[in-house]
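*Asks:* Structure incoming, see below.
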Amino acid sequence: MFSSRTPGLSRLNKTQKASMVGVAAAGVAAVTFSLVPTTAVAAESQAPVQSRATSTVSTSATDNAKTPAVSAIIAKQFSSPDTAAKIQSVVQKTASEKTKAEEAVAKAKADAKKRADEAANRSTVRKPVYKNNLDGWIRESLDIMKKHKIPGSYEGLHRNIIRESSGNPKAINLWDINARNGIPSKGLLQVIPPTFKAYHVKGTPFDIYDPVANIVAAANYAADRYGSMDNVNSAY
């Protein structure tokens with residue numbers, strides 16, 4: 001049978017055994033020394049990569065941390081009483097300026113309409129109002145005569161009216177030749193019905209007793225026969 005002990009090992013003394021342990025330890029140390037530089041270099045080569053990665057993560061984390069902080073600052077600024085007051089002031093000023101602009105436009109439109117109405121009123125010929133008396137009848141008759149180019153003056157009409165009827169529009173002559181012939185003279189200027197009918201001016205009442213219609217028809221007849229009522233100084 002074989003022994004488990006290494007041949008000759010048992011015969012070594014303590015000194016020899018100690019020497020062998022020292023050599024082994026030296027060898028391990030040598031191996032360890034040879035491995036350390038390689039491991040250190042590897043560690044150094046990896047260090048920058050880890051540092052950059054750590055720096056990137058750190059920067060990103062810092063930026064993310066800043067965003068809420070900035071938002072909080074902005075929110076705080078806009079929520080402050082002074083800022084809110086300034087914003088409200090700007091809003092009110094804008095609304096006020098808008099209102100003033102609208103009022104200016106409305107005023108300009110109203111002024112333009114007023115000027116247009118005034119111009120229309122000036123251009124519109126207003127119908128004059130005549131008094132219901134001899135003066136008013138003569139004046140209205142003169143305006144109608146002017147429109148129809150019938151000559152005559154206030155004095156000429158007034159003079160003949162006073163002589164013929166004393167200014168009574170309902171006057172009627174029942175004693176002259178016309179009356180005897182059944183066609184009495186009537187009205188302010190004592191016109192017989194056939195003459196009134198022949199010289200009646202359109203636009204006036206077809207009524208021989210109407211003062212204006214009577215004056216205009218008589219003036220129209222006198223213009224045709226005498227050139228103008230101004231030329232008549234007696235019965236015509």
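Following the order of the structure tokens, first chain is A, next is B, and so on, with residues numbered from 1 inside each chain and ligands from 1 in the order they appear.
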So which residues touch A:Trp137 within 10 Å, counting only C-alpha atoms, skipping near sequence neighbours fewer than 5 positions away, as a list in words?

*Replies:* Tyr130, Lys131, Asn132, Leu142, Asp210, Pro211, Val212, Ala213, Asn214, Ile215 and Val216 of chain A

*Asks:* Those residues you just picked out, can you put them in a file as a PDB file, in the first residue's frame with N, CA and C atoms?

*Replies:*
```
ATOM      1  N   TYR A 130     -99.393 130.609 -46.085  1.00  0.00           N
ATOM      2  CA  TYR A 130    -100.004 131.915 -46.389  1.00  0.00           C
ATOM      3  C   TYR A 130    -101.161 132.175 -45.435  1.00  0.00           C
ATOM      4  N   LYS A 131    -101.302 133.434 -45.071  1.00  0.00           N
ATOM      5  CA  LYS A 131    -102.407 133.817 -44.208  1.00  0.00           C
ATOM      6  C   LYS A 131    -103.713 133.759 -44.988  1.00  0.00           C
ATOM      7  N   ASN A 132    -104.763 133.417 -44.268  1.00  0.00           N
ATOM      8  CA  ASN A 132    -106.068 133.332 -44.909  1.00  0.00           C
ATOM      9  C   ASN A 132    -106.757 134.704 -44.865  1.00  0.00           C
ATOM     10  N   LEU A 142     -99.399 135.266 -56.466  1.00  0.00           N
ATOM     11  CA  LEU A 142     -98.171 135.715 -57.135  1.00  0.00           C
ATOM     12  C   LEU A 142     -97.181 134.559 -57.312  1.00  0.00           C
ATOM     13  N   ASP A 210    -113.216 130.622 -54.965  1.00  0.00           N
ATOM     14  CA  ASP A 210    -111.944 130.433 -54.242  1.00  0.00           C
ATOM     15  C   ASP A 210    -111.065 131.647 -54.539  1.00  0.00           C
ATOM     16  N   PRO A 211    -110.596 132.369 -53.528  1.00  0.00           N
ATOM     17  CA  PRO A 211    -109.886 133.619 -53.763  1.00  0.00           C
ATOM     18  C   PRO A 211    -108.640 133.484 -54.625  1.00  0.00           C
ATOM     19  N   VAL A 212    -107.828 132.465 -54.379  1.00  0.00           N
ATOM     20  CA  VAL A 212    -106.581 132.293 -55.145  1.00  0.00           C
ATOM     21  C   VAL A 212    -106.893 131.873 -56.573  1.00  0.00           C
ATOM     22  N   ALA A 213    -107.787 130.912 -56.731  1.00  0.00           N
ATOM     23  CA  ALA A 213    -108.151 130.461 -58.077  1.00  0.00           C
ATOM     24  C   ALA A 213    -108.738 131.624 -58.888  1.00  0.00           C
ATOM     25  N   ASN A 214    -109.570 132.488 -58.251  1.00  0.00           N
ATOM     26  CA  ASN A 214    -110.172 133.627 -58.929  1.00  0.00           C
ATOM     27  C   ASN A 214    -109.116 134.635 -59.364  1.00  0.00           C
ATOM     28  N   ILE A 215    -108.146 134.955 -58.455  1.00  0.00           N
ATOM     29  CA  ILE A 215    -107.108 135.932 -58.779  1.00  0.00           C
ATOM     30  C   ILE A 215    -106.236 135.439 -59.925  1.00  0.00           C
ATOM     31  N   VAL A 216    -105.815 134.195 -59.867  1.00  0.00           N
ATOM     32  CA  VAL A 216    -104.886 133.663 -60.880  1.00  0.00           C
ATOM     33  C   VAL A 216    -105.579 133.585 -62.243  1.00  0.00           C
TER      34      VAL A 216
END
```

*Asks:* Tell me, in Å to one decimal, how far atom CA of A:Ile161 is from atom CA of A:Asn173.

*Replies:*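 These atoms are spaced 13.7 Å apart.
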
*Asks:* Pick the closest to A:Asn233 from A:Ala84, A:Val91, A:Ile162, A:Ala101: which is it, counting only C-alpha atoms?

*Replies:*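 Residue with the minimum atom-to-atom distance to A:Asn233: A:Ile162.
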
*Asks:* Quick one: distance from atom CA of A:Thr204 to atom CA of A:Ile144 in Å, one decimal?

*Replies:* 8.8 Å

*Asks:* So how many Å separate atom CA of A:Pro128 and atom CA of A:Glu140, to one decimal?

*Replies:*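 One can read the atom CA of A:Pro128 to atom CA of A:Glu140 distance as 8.6 Å.
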
*Asks:* So that I can check the surroundings of A:Asp224, please list as a PDB file with N, CA and C atoms, in the first residue's frame every protein, DNA and RNA residue that reaches within 12 Å of it, counting only C-alpha atoms and ignoring chain neighbours fewer than 2 positions away.

*Replies:*
```
ATOM      1  N   LYS A 149     -95.426 131.647 -65.240  1.00  0.00           N
ATOM      2  CA  LYS A 149     -94.968 132.780 -66.069  1.00  0.00           C
ATOM      3  C   LYS A 149     -96.115 133.723 -66.431  1.00  0.00           C
ATOM      4  N   ILE A 150     -96.971 134.000 -65.474  1.00  0.00           N
ATOM      5  CA  ILE A 150     -98.056 134.964 -65.663  1.00  0.00           C
ATOM      6  C   ILE A 150     -97.619 136.286 -65.038  1.00  0.00           C
ATOM      7  N   PRO A 151     -97.538 137.352 -65.780  1.00  0.00           N
ATOM      8  CA  PRO A 151     -97.057 138.630 -65.254  1.00  0.00           C
ATOM      9  C   PRO A 151     -98.065 139.268 -64.301  1.00  0.00           C
ATOM     10  N   GLY A 152     -97.548 140.147 -63.431  1.00  0.00           N
ATOM     11  CA  GLY A 152     -98.415 140.863 -62.495  1.00  0.00           C
ATOM     12  C   GLY A 152     -97.646 141.177 -61.226  1.00  0.00           C
ATOM     13  N   THR A 195    -115.119 132.948 -68.577  1.00  0.00           N
ATOM     14  CA  THR A 195    -113.725 133.407 -68.541  1.00  0.00           C
ATOM     15  C   THR A 195    -112.928 132.587 -67.513  1.00  0.00           C
ATOM     16  N   ALA A 198    -112.138 129.244 -69.028  1.00  0.00           N
ATOM     17  CA  ALA A 198    -111.148 129.306 -70.118  1.00  0.00           C
ATOM     18  C   ALA A 198    -109.744 129.592 -69.588  1.00  0.00           C
ATOM     19  N   TYR A 199    -109.624 130.391 -68.541  1.00  0.00           N
ATOM     20  CA  TYR A 199    -108.291 130.806 -68.053  1.00  0.00           C
ATOM     21  C   TYR A 199    -107.907 130.210 -66.681  1.00  0.00           C
ATOM     22  N   ALA A 217    -106.828 133.141 -62.282  1.00  0.00           N
ATOM     23  CA  ALA A 217    -107.552 133.056 -63.555  1.00  0.00           C
ATOM     24  C   ALA A 217    -107.740 134.463 -64.156  1.00  0.00           C
ATOM     25  N   ALA A 218    -108.113 135.450 -63.306  1.00  0.00           N
ATOM     26  CA  ALA A 218    -108.295 136.818 -63.792  1.00  0.00           C
ATOM     27  C   ALA A 218    -106.973 137.391 -64.289  1.00  0.00           C
ATOM     28  N   ALA A 219    -105.854 137.128 -63.563  1.00  0.00           N
ATOM     29  CA  ALA A 219    -104.529 137.619 -63.981  1.00  0.00           C
ATOM     30  C   ALA A 219    -104.113 136.967 -65.293  1.00  0.00           C
ATOM     31  N   ASN A 220    -104.457 135.710 -65.452  1.00  0.00           N
ATOM     32  CA  ASN A 220    -104.117 134.997 -66.689  1.00  0.00           C
ATOM     33  C   ASN A 220    -104.886 135.597 -67.882  1.00  0.00           C
ATOM     34  N   TYR A 221    -106.164 135.924 -67.655  1.00  0.00           N
ATOM     35  CA  TYR A 221    -106.973 136.559 -68.691  1.00  0.00           C
ATOM     36  C   TYR A 221    -106.448 137.962 -69.018  1.00  0.00           C
ATOM     37  N   ALA A 222    -106.137 138.767 -67.975  1.00  0.00           N
ATOM     38  CA  ALA A 222    -105.636 140.130 -68.183  1.00  0.00           C
ATOM     39  C   ALA A 222    -104.305 140.108 -68.916  1.00  0.00           C
ATOM     40  N   TYR A 226    -104.461 142.242 -71.929  1.00  0.00           N
ATOM     41  CA  TYR A 226    -103.859 143.555 -71.689  1.00  0.00           C
ATOM     42  C   TYR A 226    -102.348 143.522 -71.453  1.00  0.00           C
ATOM     43  N   GLY A 227    -101.802 142.367 -71.428  1.00  0.00           N
ATOM     44  CA  GLY A 227    -100.364 142.231 -71.191  1.00  0.00           C
ATOM     45  C   GLY A 227    -100.025 141.980 -69.736  1.00  0.00           C
ATOM     46  N   SER A 228    -100.878 142.443 -68.799  1.00  0.00           N
ATOM     47  CA  SER A 228    -100.659 142.245 -67.367  1.00  0.00           C
ATOM     48  C   SER A 228    -101.815 142.903 -66.620  1.00  0.00           C
ATOM     49  N   MET A 229    -102.144 142.385 -65.449  1.00  0.00           N
ATOM     50  CA  MET A 229    -103.167 142.997 -64.611  1.00  0.00           C
ATOM     51  C   MET A 229    -102.738 144.393 -64.175  1.00  0.00           C
ATOM     52  N   ASN A 231    -101.808 146.604 -66.013  1.00  0.00           N
ATOM     53  CA  ASN A 231    -102.238 147.559 -67.043  1.00  0.00           C
ATOM     54  C   ASN A 231    -103.756 147.821 -66.975  1.00  0.00           C
ATOM     55  N   VAL A 232    -104.459 147.176 -66.088  1.00  0.00           N
ATOM     56  CA  VAL A 232    -105.906 147.315 -65.966  1.00  0.00           C
ATOM     57  C   VAL A 232    -106.212 148.352 -64.870  1.00  0.00           C
TER      58      VAL A 232
END
```
